[in-house]
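Undergrad: Please find upload-v5.cif (mmCIF, C-alpha atoms (C1' of nucleotides)) on the next line:
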data_query
#
loop_
_atom_site.label_atom_id
_atom_site.label_comp_id
_atom_site.auth_asym_id
_atom_site.auth_seq_id
_atom_site.Cartn_x
_atom_site.Cartn_y
_atom_site.Cartn_z
CA MET A 242 0.00 0.00 0.00
CA PRO A 243 1.50 3.33 -0.99
CA ARG A 244 2.16 5.51 2.00
CA GLY A 245 0.41 8.46 0.53
CA GLU A 246 -2.94 6.73 0.75
CA CYS A 247 -2.65 5.59 4.32
CA LYS A 248 -4.50 8.50 5.80
CA GLY A 249 -7.78 8.56 7.55
CA GLN A 250 -8.85 5.00 8.22
CA GLY A 251 -7.61 1.95 10.10
CA TRP A 252 -6.12 2.04 13.52
CA TRP A 253 -2.95 1.87 15.56
CA HIS A 254 -0.63 -1.05 14.99
CA GLY A 255 -2.47 -2.16 11.93
CA LYS A 256 -2.57 1.30 10.55
CA PHE A 257 1.09 1.73 11.20
CA ARG A 258 2.24 -1.54 9.80
CA GLY A 259 -0.21 -1.53 6.98
CA CYS A 260 1.40 1.59 5.62
CA GLY A 261 4.86 0.14 5.37
CA TYR A 262 6.09 1.70 8.56
CA ARG A 263 7.92 -0.49 11.00
CA LEU A 264 6.83 -0.67 14.56
CA THR A 265 9.70 0.18 16.83
CA LEU A 266 10.24 0.68 20.52
CA GLY A 267 10.66 4.40 20.13
CA ARG A 268 7.50 4.79 18.13
CA GLU A 269 5.47 2.81 20.57
CA ALA A 270 6.85 4.82 23.44
CA ILE A 271 5.91 8.04 21.73
CA LEU A 272 2.43 6.83 20.90
CA ASP A 273 2.05 5.70 24.46
CA VAL A 274 3.03 9.04 25.92
CA LEU A 275 0.81 10.91 23.52
CA SER A 276 -2.22 8.76 24.05
CA LYS A 277 -2.03 9.07 27.81
CA ALA A 278 -1.06 12.69 28.09
CA GLU A 279 -3.67 15.32 28.10
CA GLY A 280 -2.80 18.65 26.75
CA HIS A 281 -0.32 19.85 24.27
CA LEU A 282 3.16 18.47 24.40
CA SER A 283 6.13 19.81 22.56
CA ALA A 284 8.64 17.48 20.98
CA GLU A 285 10.94 18.09 23.88
CA ASP A 286 8.23 17.41 26.44
CA ILE A 287 7.71 14.05 24.84
CA TYR A 288 11.41 13.41 24.66
CA MET A 289 11.77 14.12 28.35
CA LYS A 290 9.00 11.78 29.36
CA ILE A 291 10.30 8.99 27.23
CA HIS A 292 13.87 9.53 28.19
CA LEU A 293 13.27 8.34 31.73
CA LYS A 294 12.19 4.92 30.61
CA TYR A 295 14.03 4.68 27.31
CA PRO A 296 17.22 6.71 27.60
CA ASN A 297 18.35 5.68 24.18
CA VAL A 298 15.53 7.18 22.20
CA GLY A 299 16.80 10.42 20.76
CA LEU A 300 15.12 13.73 20.19
CA THR A 301 15.61 13.30 16.48
CA THR A 302 13.51 10.19 16.53
CA VAL A 303 10.81 12.00 18.41
CA TYR A 304 10.67 14.64 15.71
CA ARG A 305 10.69 12.08 12.97
CA THR A 306 8.00 9.99 14.56
CA LEU A 307 5.80 12.97 15.22
CA ASP A 308 6.09 13.86 11.61
CA VAL A 309 4.98 10.41 10.55
CA LEU A 310 2.13 10.35 13.02
CA SER A 311 1.02 13.73 11.89
CA ASN A 312 1.00 12.62 8.27
CA LEU A 313 -0.97 9.55 9.20
CA GLY A 314 -3.51 11.73 10.93
CA MET A 315 -2.94 10.09 14.27
CA VAL A 316 -1.62 13.25 15.80
CA TYR A 317 -2.42 16.91 15.36
CA LYS A 318 0.41 19.35 15.09
CA LEU A 319 -0.54 22.66 16.61
CA ASP A 320 0.89 26.13 16.80
CA PHE A 321 0.01 28.35 19.71
CA GLY A 322 2.47 31.03 18.83
CA ASP A 323 5.14 30.31 21.40
CA GLY A 324 7.72 29.24 18.89
CA ARG A 325 7.49 25.52 19.27
CA ALA A 326 5.07 23.05 17.79
CA ARG A 327 2.68 21.19 20.07
CA TYR A 328 1.32 17.76 19.45
CA GLU A 329 -1.97 16.30 20.45
CA PHE A 330 -3.23 12.78 20.06
CA ALA A 331 -6.05 12.61 17.56
CA GLU A 332 -8.80 10.92 19.48
CA GLY A 333 -9.24 7.27 18.66
CA PRO A 334 -12.12 5.45 17.04
CA LYS A 335 -14.13 5.64 20.24
CA GLY A 336 -14.30 9.31 19.47
CA ALA A 337 -13.04 10.94 22.58
CA HIS A 338 -13.63 14.61 23.15
CA HIS A 339 -13.23 16.65 20.05
CA HIS A 340 -12.30 20.12 21.15
CA HIS A 341 -11.01 23.43 19.97
CA HIS A 342 -8.60 25.86 21.54
CA LEU A 343 -8.72 29.17 23.30
CA VAL A 344 -5.29 30.79 23.49
CA CYS A 345 -4.12 33.63 25.71
CA THR A 346 -1.91 35.87 23.62
CA GLN A 347 -0.06 37.12 26.65
CA CYS A 348 0.87 34.05 28.68
CA ASN A 349 0.22 31.46 25.97
CA LYS A 350 -2.05 29.48 28.21
CA VAL A 351 -4.32 27.21 26.21
CA ILE A 352 -7.82 26.14 27.20
CA ASP A 353 -9.48 23.23 25.47
CA TYR A 354 -13.16 23.82 25.13
CA THR A 355 -15.92 21.57 23.97
CA ASP A 356 -18.71 24.07 24.38
CA PHE A 357 -20.53 24.89 21.19
CA ILE A 358 -18.54 22.20 19.50
CA ASP A 359 -21.56 20.55 17.98
CA ASP A 360 -22.73 23.65 16.20
CA GLU A 361 -19.22 24.45 15.14
CA VAL A 362 -18.56 21.02 13.78
CA GLU A 363 -21.82 20.96 11.91
CA LEU A 364 -21.06 24.24 10.23
CA LEU A 365 -17.54 23.16 9.52
CA ASN A 366 -18.69 20.00 7.86
CA GLN A 367 -21.01 21.94 5.63
CA THR A 368 -18.31 24.41 4.78
CA GLU A 369 -15.84 21.66 4.14
CA LYS A 370 -18.17 20.10 1.67
CA GLY A 371 -18.81 23.35 -0.12
CA LEU A 372 -15.20 24.41 -0.23
CA GLY A 373 -14.03 20.99 -1.27
CA GLN A 374 -16.30 21.06 -4.28
CA LYS A 375 -15.65 24.60 -5.30
CA TYR A 376 -11.89 24.50 -5.02
CA LYS A 377 -11.40 20.82 -5.79
CA PHE A 378 -9.71 20.25 -2.47
CA LYS A 379 -9.71 17.01 -0.59
CA ILE A 380 -10.20 18.58 2.81
CA THR A 381 -8.85 16.46 5.59
CA ASN A 382 -8.80 18.72 8.58
CA HIS A 383 -9.67 22.04 10.04
CA LEU A 384 -8.33 24.35 12.66
CA ILE A 385 -10.25 26.72 14.84
CA GLN A 386 -8.68 28.78 17.53
CA PHE A 387 -9.78 31.81 19.47
CA TYR A 388 -7.28 34.29 20.73
CA GLY A 389 -7.64 36.66 23.60
CA VAL A 390 -6.43 37.66 27.00
CA CYS A 391 -7.15 35.40 29.95
CA GLU A 392 -8.47 36.50 33.28
CA GLN A 393 -5.11 36.58 35.05
CA CYS A 394 -3.40 38.51 32.30
CA SER A 395 -6.26 40.98 32.14
CA GLY A 396 -5.76 41.73 35.78
CA LYS A 397 -2.07 42.43 35.46
CA ASN A 398 -2.52 45.33 33.11
CA MET B 163 -2.06 56.53 26.53
CA PRO B 164 -0.50 53.30 27.67
CA ARG B 165 0.53 51.10 24.81
CA GLY B 166 -1.23 48.11 26.16
CA GLU B 167 -4.61 49.68 25.60
CA CYS B 168 -4.06 50.79 22.07
CA LYS B 169 -5.77 47.92 20.43
CA GLY B 170 -8.86 47.84 18.34
CA GLN B 171 -9.86 51.38 17.54
CA GLY B 172 -8.48 54.43 15.76
CA TRP B 173 -6.67 54.31 12.50
CA TRP B 174 -3.35 54.52 10.80
CA HIS B 175 -1.15 57.49 11.57
CA GLY B 176 -3.31 58.54 14.42
CA LYS B 177 -3.47 55.11 15.84
CA PHE B 178 0.23 54.79 15.55
CA ARG B 179 1.19 58.08 17.00
CA GLY B 180 -1.51 58.04 19.59
CA CYS B 181 0.05 54.98 21.14
CA GLY B 182 3.43 56.53 21.66
CA TYR B 183 4.98 54.95 18.63
CA ARG B 184 6.99 57.15 16.38
CA LEU B 185 6.24 57.26 12.72
CA THR B 186 9.34 56.43 10.76
CA LEU B 187 10.21 55.93 7.15
CA GLY B 188 10.65 52.22 7.59
CA ARG B 189 7.34 51.78 9.30
CA GLU B 190 5.50 53.72 6.65
CA ALA B 191 7.18 51.72 3.95
CA ILE B 192 6.16 48.48 5.59
CA LEU B 193 2.60 49.60 6.05
CA ASP B 194 2.56 50.71 2.48
CA VAL B 195 3.73 47.40 1.13
CA LEU B 196 1.33 45.47 3.32
CA SER B 197 -1.68 47.56 2.48
CA LYS B 198 -1.11 47.24 -1.23
CA ALA B 199 -0.03 43.64 -1.39
CA GLU B 200 -2.57 40.95 -1.65
CA GLY B 201 -1.77 37.64 -0.22
CA HIS B 202 0.48 36.51 2.50
CA LEU B 203 3.92 37.96 2.72
CA SER B 204 6.73 36.72 4.86
CA ALA B 205 9.01 39.13 6.65
CA GLU B 206 11.61 38.57 4.01
CA ASP B 207 9.14 39.15 1.18
CA ILE B 208 8.38 42.49 2.69
CA TYR B 209 12.02 43.25 3.24
CA MET B 210 12.78 42.52 -0.39
CA LYS B 211 10.06 44.78 -1.69
CA ILE B 212 11.08 47.62 0.53
CA HIS B 213 14.73 47.17 -0.06
CA LEU B 214 14.44 48.29 -3.65
CA LYS B 215 13.17 51.70 -2.68
CA TYR B 216 14.68 52.02 0.77
CA PRO B 217 17.93 50.08 0.83
CA ASN B 218 18.68 51.17 4.33
CA VAL B 219 15.73 49.60 6.05
CA GLY B 220 16.94 46.41 7.64
CA LEU B 221 15.30 43.05 8.05
CA THR B 222 15.40 43.49 11.80
CA THR B 223 13.25 46.56 11.52
CA VAL B 224 10.79 44.67 9.40
CA TYR B 225 10.44 42.04 12.07
CA ARG B 226 10.12 44.61 14.80
CA THR B 227 7.56 46.62 12.94
CA LEU B 228 5.50 43.58 12.07
CA ASP B 229 5.45 42.73 15.72
CA VAL B 230 4.18 46.15 16.63
CA LEU B 231 1.58 46.13 13.89
CA SER B 232 0.45 42.73 14.92
CA ASN B 233 0.04 43.84 18.51
CA LEU B 234 -1.89 46.87 17.38
CA GLY B 235 -4.20 44.62 15.43
CA MET B 236 -3.33 46.26 12.14
CA VAL B 237 -1.80 43.11 10.77
CA TYR B 238 -2.57 39.43 11.14
CA LYS B 239 0.29 37.05 11.71
CA LEU B 240 -0.43 33.72 10.11
CA ASP B 241 1.11 30.29 10.11
CA PHE B 242 0.59 28.04 7.14
CA GLY B 243 3.01 25.42 8.29
CA ASP B 244 5.91 26.20 6.00
CA GLY B 245 8.21 27.35 8.74
CA ARG B 246 7.91 31.06 8.31
CA ALA B 247 5.28 33.48 9.52
CA ARG B 248 3.10 35.25 7.00
CA TYR B 249 1.57 38.65 7.44
CA GLU B 250 -1.63 40.03 6.11
CA PHE B 251 -3.00 43.52 6.36
CA ALA B 252 -6.04 43.62 8.59
CA GLU B 253 -8.65 45.22 6.39
CA GLY B 254 -9.23 48.85 7.17
CA PRO B 255 -12.29 50.59 8.54
CA LYS B 256 -13.98 50.30 5.19
CA GLY B 257 -14.09 46.62 5.95
CA ALA B 258 -12.56 45.02 2.93
CA HIS B 259 -13.01 41.35 2.29
CA HIS B 260 -12.87 39.30 5.40
CA HIS B 261 -11.74 35.86 4.42
CA HIS B 262 -10.48 32.58 5.73
CA HIS B 263 -7.84 30.22 4.42
CA LEU B 264 -7.70 26.90 2.69
CA VAL B 265 -4.24 25.39 2.84
CA CYS B 266 -2.77 22.57 0.78
CA THR B 267 -0.72 20.41 3.08
CA GLN B 268 1.48 19.22 0.25
CA CYS B 269 2.49 22.31 -1.68
CA ASN B 270 1.51 24.89 0.92
CA LYS B 271 -0.59 26.79 -1.55
CA VAL B 272 -3.12 28.99 0.21
CA ILE B 273 -6.52 29.94 -1.13
CA ASP B 274 -8.41 32.81 0.41
CA TYR B 275 -12.09 32.10 0.39
CA THR B 276 -15.02 34.26 1.27
CA ASP B 277 -17.69 31.67 0.62
CA PHE B 278 -19.79 30.81 3.62
CA ILE B 279 -18.01 33.54 5.49
CA ASP B 280 -21.21 35.10 6.73
CA ASP B 281 -22.45 31.97 8.41
CA GLU B 282 -19.04 31.28 9.79
CA VAL B 283 -18.60 34.71 11.20
CA GLU B 284 -22.01 34.68 12.75
CA LEU B 285 -21.33 31.42 14.49
CA LEU B 286 -17.91 32.60 15.54
CA ASN B 287 -19.31 35.73 17.08
CA GLN B 288 -21.79 33.72 19.08
CA THR B 289 -19.12 31.32 20.18
CA GLU B 290 -16.81 34.14 21.07
CA LYS B 291 -19.41 35.64 23.28
CA GLY B 292 -20.14 32.36 25.01
CA LEU B 293 -16.53 31.41 25.47
CA GLY B 294 -15.58 34.86 26.62
CA GLN B 295 -18.13 34.70 29.39
CA LYS B 296 -17.47 31.17 30.47
CA TYR B 297 -13.71 31.41 30.56
CA LYS B 298 -13.42 35.09 31.38
CA PHE B 299 -11.41 35.72 28.25
CA LYS B 300 -11.31 38.98 26.38
CA ILE B 301 -11.42 37.40 22.96
CA THR B 302 -9.86 39.57 20.31
CA ASN B 303 -9.44 37.33 17.35
CA HIS B 304 -10.09 33.98 15.81
CA LEU B 305 -8.47 31.70 13.33
CA ILE B 306 -10.12 29.26 10.99
CA GLN B 307 -8.25 27.27 8.46
CA PHE B 308 -9.08 24.23 6.43
CA TYR B 309 -6.39 21.82 5.41
CA GLY B 310 -6.39 19.42 2.54
CA VAL B 311 -4.83 18.48 -0.73
CA CYS B 312 -5.30 20.70 -3.74
CA GLU B 313 -6.26 19.54 -7.19
CA GLN B 314 -2.74 19.58 -8.60
CA CYS B 315 -1.26 17.70 -5.69
CA SER B 316 -4.04 15.14 -5.79
CA GLY B 317 -3.17 14.42 -9.37
CA LYS B 318 0.50 13.84 -8.67
CA ASN B 319 -0.10 10.91 -6.40
"C1'" DT C 193 18.87 -17.15 9.22
"C1'" DT C 194 19.39 -13.91 5.85
"C1'" DA C 195 19.03 -10.23 2.91
"C1'" DA C 196 16.95 -5.80 1.95
"C1'" DT C 197 16.09 -1.63 3.71
"C1'" DA C 198 13.65 1.25 7.16
"C1'" DA C 199 14.88 3.42 11.38
"C1'" DT C 200 18.08 5.29 14.61
"C1'" DG C 201 21.32 8.46 17.43
"C1'" DA C 202 24.69 11.95 17.67
"C1'" DA C 203 26.54 15.76 15.86
"C1'" DA C 204 26.40 19.22 12.58
"C1'" DA C 205 23.78 22.10 9.71
"C1'" DC C 206 19.83 25.07 8.99
"C1'" DC C 207 17.41 29.13 9.14
"C1'" DA C 208 13.68 32.11 10.80
"C1'" DT C 209 13.62 35.14 14.42
"C1'" DT C 210 15.75 37.78 18.50
"C1'" DT C 211 19.01 40.09 20.98
"C1'" DC C 212 22.87 43.38 21.58
"C1'" DC C 213 24.70 47.70 21.26
"C1'" DA C 214 26.42 51.84 19.62
"C1'" DA C 215 24.65 55.29 16.36
"C1'" DT C 216 20.65 57.85 14.69
"C1'" DA C 217 16.52 60.36 14.35
"C1'" DA C 218 11.55 61.64 15.87
"C1'" DG C 219 9.02 64.89 18.17
"C1'" DG C 220 7.78 67.65 22.32
"C1'" DA C 221 9.53 71.62 25.02
"C1'" DG C 222 11.29 76.03 25.02
"C1'" DC D 22 14.31 76.59 14.81
"C1'" DT D 23 17.23 74.13 18.28
"C1'" DC D 24 17.87 71.14 22.05
"C1'" DC D 25 17.07 67.15 24.61
"C1'" DT D 26 15.03 62.90 25.74
"C1'" DT D 27 14.37 58.58 24.31
"C1'" DA D 28 12.34 55.57 20.80
"C1'" DT D 29 14.21 53.47 16.78
"C1'" DT D 30 17.56 51.63 13.84
"C1'" DG D 31 20.99 48.50 11.32
"C1'" DG D 32 24.32 45.03 11.38
"C1'" DA D 33 26.37 41.41 13.44
"C1'" DA D 34 26.04 37.89 16.58
"C1'" DA D 35 23.30 34.84 19.23
"C1'" DT D 36 19.28 31.88 19.81
"C1'" DG D 37 16.80 27.81 19.54
"C1'" DG D 38 13.55 24.77 17.41
"C1'" DT D 39 13.80 21.64 13.74
"C1'" DT D 40 16.28 19.03 9.88
"C1'" DT D 41 19.91 16.82 7.66
"C1'" DT D 42 23.83 13.74 7.35
"C1'" DC D 43 25.82 9.43 7.74
"C1'" DA D 44 27.44 5.40 9.56
"C1'" DT D 45 25.24 1.89 12.51
"C1'" DT D 46 21.40 -0.93 14.08
"C1'" DA D 47 17.09 -3.26 13.98
"C1'" DT D 48 12.68 -4.81 11.70
"C1'" DT D 49 10.38 -7.57 8.59
"C1'" DA D 50 9.32 -10.61 4.76
"C1'" DA D 51 11.08 -14.65 2.58
#
Here is a file; write its structure as structure tokens.

TA:
Amino acid sequence: MPRGECKGQGWWHGKFRGCGYRLTLGREAILDVLSKAEGHLSAEDIYMKIHLKYPNVGLTTVYRTLDVLSNLGMVYKLDFGDGRARYEFAEGPKGAHHHHHLVCTQCNKVIDYTDFIDDEVELLNQTEKGLGQKYKFKITNHLIQFYGVCEQCSGKN
Amino acid sequence: MPRGECKGQGWWHGKFRGCGYRLTLGREAILDVLSKAEGHLSAEDIYMKIHLKYPNVGLTTVYRTLDVLSNLGMVYKLDFGDGRARYEFAEGPKGAHHHHHLVCTQCNKVIDYTDFIDDEVELLNQTEKGLGQKYKFKITNHLIQFYGVCEQCSGKN
DNA sequence: TTAATAATGAAAACCATTTCCAATAAGGAG
DNA sequence: CTCCTTATTGGAAATGGTTTTCATTATTAA
């Protein structure tokens, strides 16, 4: 199976192997950390966590694996404007909590919210369909973020 | 007037000066380029354009100015995942064409679309209000992007 | 087990963005 | 208009997240 087409369906080991990727210790460790962690880990965060248990998994491998996972759609790569990418496990088939982000532009704190998600997602799906047709795009993903100043940072001013 | 509060109202020279910022040649040049350009320029793009006419405006100044403009809300700083920030003039008081972005994850091409914008914006405003109250955020901005594979890149596979 | 080749780690390279700092220039006061 | 305070600047150097290189190792299908 060509790697390019391995996006969007299947799951975990099978998905991984089925796409011609080998399953290695490092990759499992990274998947493990990501699937258990909540929140938004940077490559280095992940490296740190793994390094305790597997001291011989390098940061380079973390970056490489995250890239693969991101291409496979198993992980979302996010940018909250603090100069490093953040990674978030794409919820599994059981459909965990789809959420969007609320970012404080001053302290970079990020709140995951699920409020209003249903309406948002419905509209997004519609829009996706429309845009996909009009611009001949195969739309695979969307990003919504709200930016503002959080309560604490508002106070400081 | 404290700089921190200079966001969201006023316009151009006045806005600039009123916030304690000095109006310099470089800054005007950058504003000029941004307001005329369509599309999404990187700091270096802007630097290049300016450099022809004003060879003594440095790249550092471009970065600094973009930062100021971004903080003032006169410019949007965008990330399309190609490793460099892109800047887009925030449409003036005459309210030009508010748009969102459709990004090809393979070639990084970006399409500005205005379709469905009205519905989107309406929903976003509602959501903003709700989120703002619930999380005590002063929401100032939002970001919506759709990701997918464009027609050309689909063909290549 | 073996061969073919994907994956790895460590160090070096990359490169967009920031920081430093001495020199310059904007703009209010007089 | 001139002076003075201080924001701004350019250039070079530093920063720091991410990628590349390359020789070595490990996974998988046969």

Undergrad: Given the file shown, determine the residues that the PyMOL selection byres ((chain C) within 10 of (chain A)) selects; report them as number ranges by chain.

TA: C: 198-202, 209

Undergrad: With distances taken over all atoms listed in the file, which residue among A:Leu313, A:Leu307, A:Ile271, A:Ala331 lies nearest chain D?

TA: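 Nearest to chain D: A:Leu307.
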
Undergrad: Would you mind listing, for every residue of chain D within 12 Å of chain B, the two atoms forming the shortest contact and the distance between them in Å to one decimal, using all atoms listed in the file, sorted by chain and ascending residue number, as CSV?

TA:
residue,atom,partner,partner_atom,distance
D:DT27,C1',B:Arg184,CA,10.9
D:DA28,C1',B:Arg184,CA,7.1
D:DT29,C1',B:Arg184,CA,8.1
D:DT30,C1',B:Thr223,CA,7.0
D:DG31,C1',B:Gly220,CA,5.9
D:DG32,C1',B:Gly220,CA,8.4
D:DA33,C1',B:Thr222,CA,11.3
D:DG38,C1',B:Gly245,CA,10.5
D:DT39,C1',B:Gly245,CA,9.4
D:DT40,C1',B:Gly245,CA,11.6

Undergrad: Show me, as a PDB file with C-alpha atoms, keeping the file's coordinate frame, every residue of chain A with an atom at most 7 Å from chain B, counting all atoms listed in the file.

TA:
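This went into selection.pdb:
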ATOM      1  CA  PHE A 357     -20.530  24.890  21.190  1.00  0.00           C
ATOM      2  CA  THR A 368     -18.310  24.410   4.780  1.00  0.00           C
ATOM      3  CA  LYS A 377     -11.400  20.820  -5.790  1.00  0.00           C
ATOM      4  CA  PHE A 378      -9.710  20.250  -2.470  1.00  0.00           C
ATOM      5  CA  LYS A 379      -9.710  17.010  -0.590  1.00  0.00           C
ATOM      6  CA  ILE A 380     -10.200  18.580   2.810  1.00  0.00           C
ATOM      7  CA  THR A 381      -8.850  16.460   5.590  1.00  0.00           C
ATOM      8  CA  ASN A 382      -8.800  18.720   8.580  1.00  0.00           C
ATOM      9  CA  HIS A 383      -9.670  22.040  10.040  1.00  0.00           C
ATOM     10  CA  LEU A 384      -8.330  24.350  12.660  1.00  0.00           C
ATOM     11  CA  ILE A 385     -10.250  26.720  14.840  1.00  0.00           C
ATOM     12  CA  GLN A 386      -8.680  28.780  17.530  1.00  0.00           C
ATOM     13  CA  PHE A 387      -9.780  31.810  19.470  1.00  0.00           C
ATOM     14  CA  TYR A 388      -7.280  34.290  20.730  1.00  0.00           C
ATOM     15  CA  GLY A 389      -7.640  36.660  23.600  1.00  0.00           C
ATOM     16  CA  VAL A 390      -6.430  37.660  27.000  1.00  0.00           C
ATOM     17  CA  CYS A 391      -7.150  35.400  29.950  1.00  0.00           C
ATOM     18  CA  GLU A 392      -8.470  36.500  33.280  1.00  0.00           C
TER      19      GLU A 392
END

Undergrad: What gap, in Å, lies between CA of Leu193 in chain B and CA of Cys181 in chain B?

TA: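 Those two atoms sit 16.2 Å apart.
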
Undergrad: Could you list the residues chosen by the PyMOL selection byres ((chain C and resi 194) around 12) in this structure as a list of chain:residue names?

TA: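 That expression, the PyMOL selection byres ((chain C and resi 194) around 12), corresponds here to C:DT193, C:DA195, C:DA196, D:DT49, D:DA50, D:DA51.
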
Undergrad: Could you tell me how far C1' of DT42 in chain D lies from C1' of DA205 in chain C, in Å and to one decimal?

TA: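 Computing it gives 8.7 Å between the two atoms.
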
Undergrad: What are the centre and the three edge lengths of an axis-aligned box that wraps all atoms of range 255-271 of chain A in the file, given that 4 Å is added to every side, written as JSON and rounded to one decimal in Å?

TA:
{"center_x": 4.0, "center_y": 2.9, "center_z": 14.4, "size_x": 21.2, "size_y": 18.2, "size_z": 26.1}

Undergrad: Grab the CA of Gly235 in chain B to CA of Glu253 in chain B distance for me, in Å with one decimal place.

TA: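 So the answer is 10.1 Å.
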
Undergrad: From the set C:DA204, C:DC212, C:DA218, C:DT197, which residue has the shortest atom-to-atom contact distance to DT48 in chain D, counting all atoms listed in the file?

TA: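 That would be C:DT197, the residue with the smallest distance to DT48 in chain D.
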
Undergrad: Dig up all the protein and nucleic acid residues within 9 Å of (14.6, 37.4, 23.8) in the file frame, using only C-alpha atoms (C1' of nucleotides), and format them as a PDB file with C-alpha atoms (C1' of nucleotides), keeping the file's coordinate frame.

TA:
ATOM      1  C1'  DT C 210      15.750  37.780  18.500  1.00  0.00           C
ATOM      2  C1'  DT C 211      19.010  40.090  20.980  1.00  0.00           C
TER       3       DT C 211
ATOM      4  C1'  DT D  36      19.280  31.880  19.810  1.00  0.00           C
TER       5       DT D  36
END

Undergrad: I'd like to see the residues matched by the PyMOL selection byres ((chain A and resi 286) around 12) on this file, and ideally I'd get them as a ChimeraX atom specification.

TA: /A:271,274-275,278,280-285,287-293,300,303-304,325-329

Undergrad: Would you mind writing range 264-276 of chain B with N, CA and C atoms, as a CSV table (one decimal), in the frame of the given file?

TA:
chain,number,residue,atom,x,y,z
B,264,LEU,N,-7.7,28.3,3.1
B,264,LEU,CA,-7.7,26.9,2.7
B,264,LEU,C,-6.3,26.5,2.3
B,265,VAL,N,-5.7,25.6,3.0
B,265,VAL,CA,-4.2,25.4,2.8
B,265,VAL,C,-4.0,24.0,2.3
B,266,CYS,N,-3.2,23.9,1.3
B,266,CYS,CA,-2.8,22.6,0.8
B,266,CYS,C,-1.6,22.1,1.6
B,267,THR,N,-1.8,20.9,2.2
B,267,THR,CA,-0.7,20.4,3.1
B,267,THR,C,0.5,19.8,2.3
B,268,GLN,N,0.3,19.8,1.0
B,268,GLN,CA,1.5,19.2,0.2
B,268,GLN,C,2.3,20.3,-0.4
B,269,CYS,N,1.7,21.3,-1.0
B,269,CYS,CA,2.5,22.3,-1.7
B,269,CYS,C,2.4,23.6,-0.9
B,270,ASN,N,1.6,23.7,0.1
B,270,ASN,CA,1.5,24.9,0.9
B,270,ASN,C,0.8,26.0,0.2
B,271,LYS,N,0.2,25.7,-0.9
B,271,LYS,CA,-0.6,26.8,-1.6
B,271,LYS,C,-1.7,27.2,-0.6
B,272,VAL,N,-2.1,28.5,-0.6
B,272,VAL,CA,-3.1,29.0,0.2
B,272,VAL,C,-4.2,29.7,-0.6
B,273,ILE,N,-5.4,29.3,-0.4
B,273,ILE,CA,-6.5,29.9,-1.1
B,273,ILE,C,-7.3,30.7,-0.1
B,274,ASP,N,-7.5,32.0,-0.4
B,274,ASP,CA,-8.4,32.8,0.4
B,274,ASP,C,-9.8,32.6,-0.1
B,275,TYR,N,-10.7,32.3,0.8
B,275,TYR,CA,-12.1,32.1,0.4
B,275,TYR,C,-13.0,33.0,1.2
B,276,THR,N,-14.1,33.4,0.6
B,276,THR,CA,-15.0,34.3,1.3
B,276,THR,C,-16.4,33.6,1.3
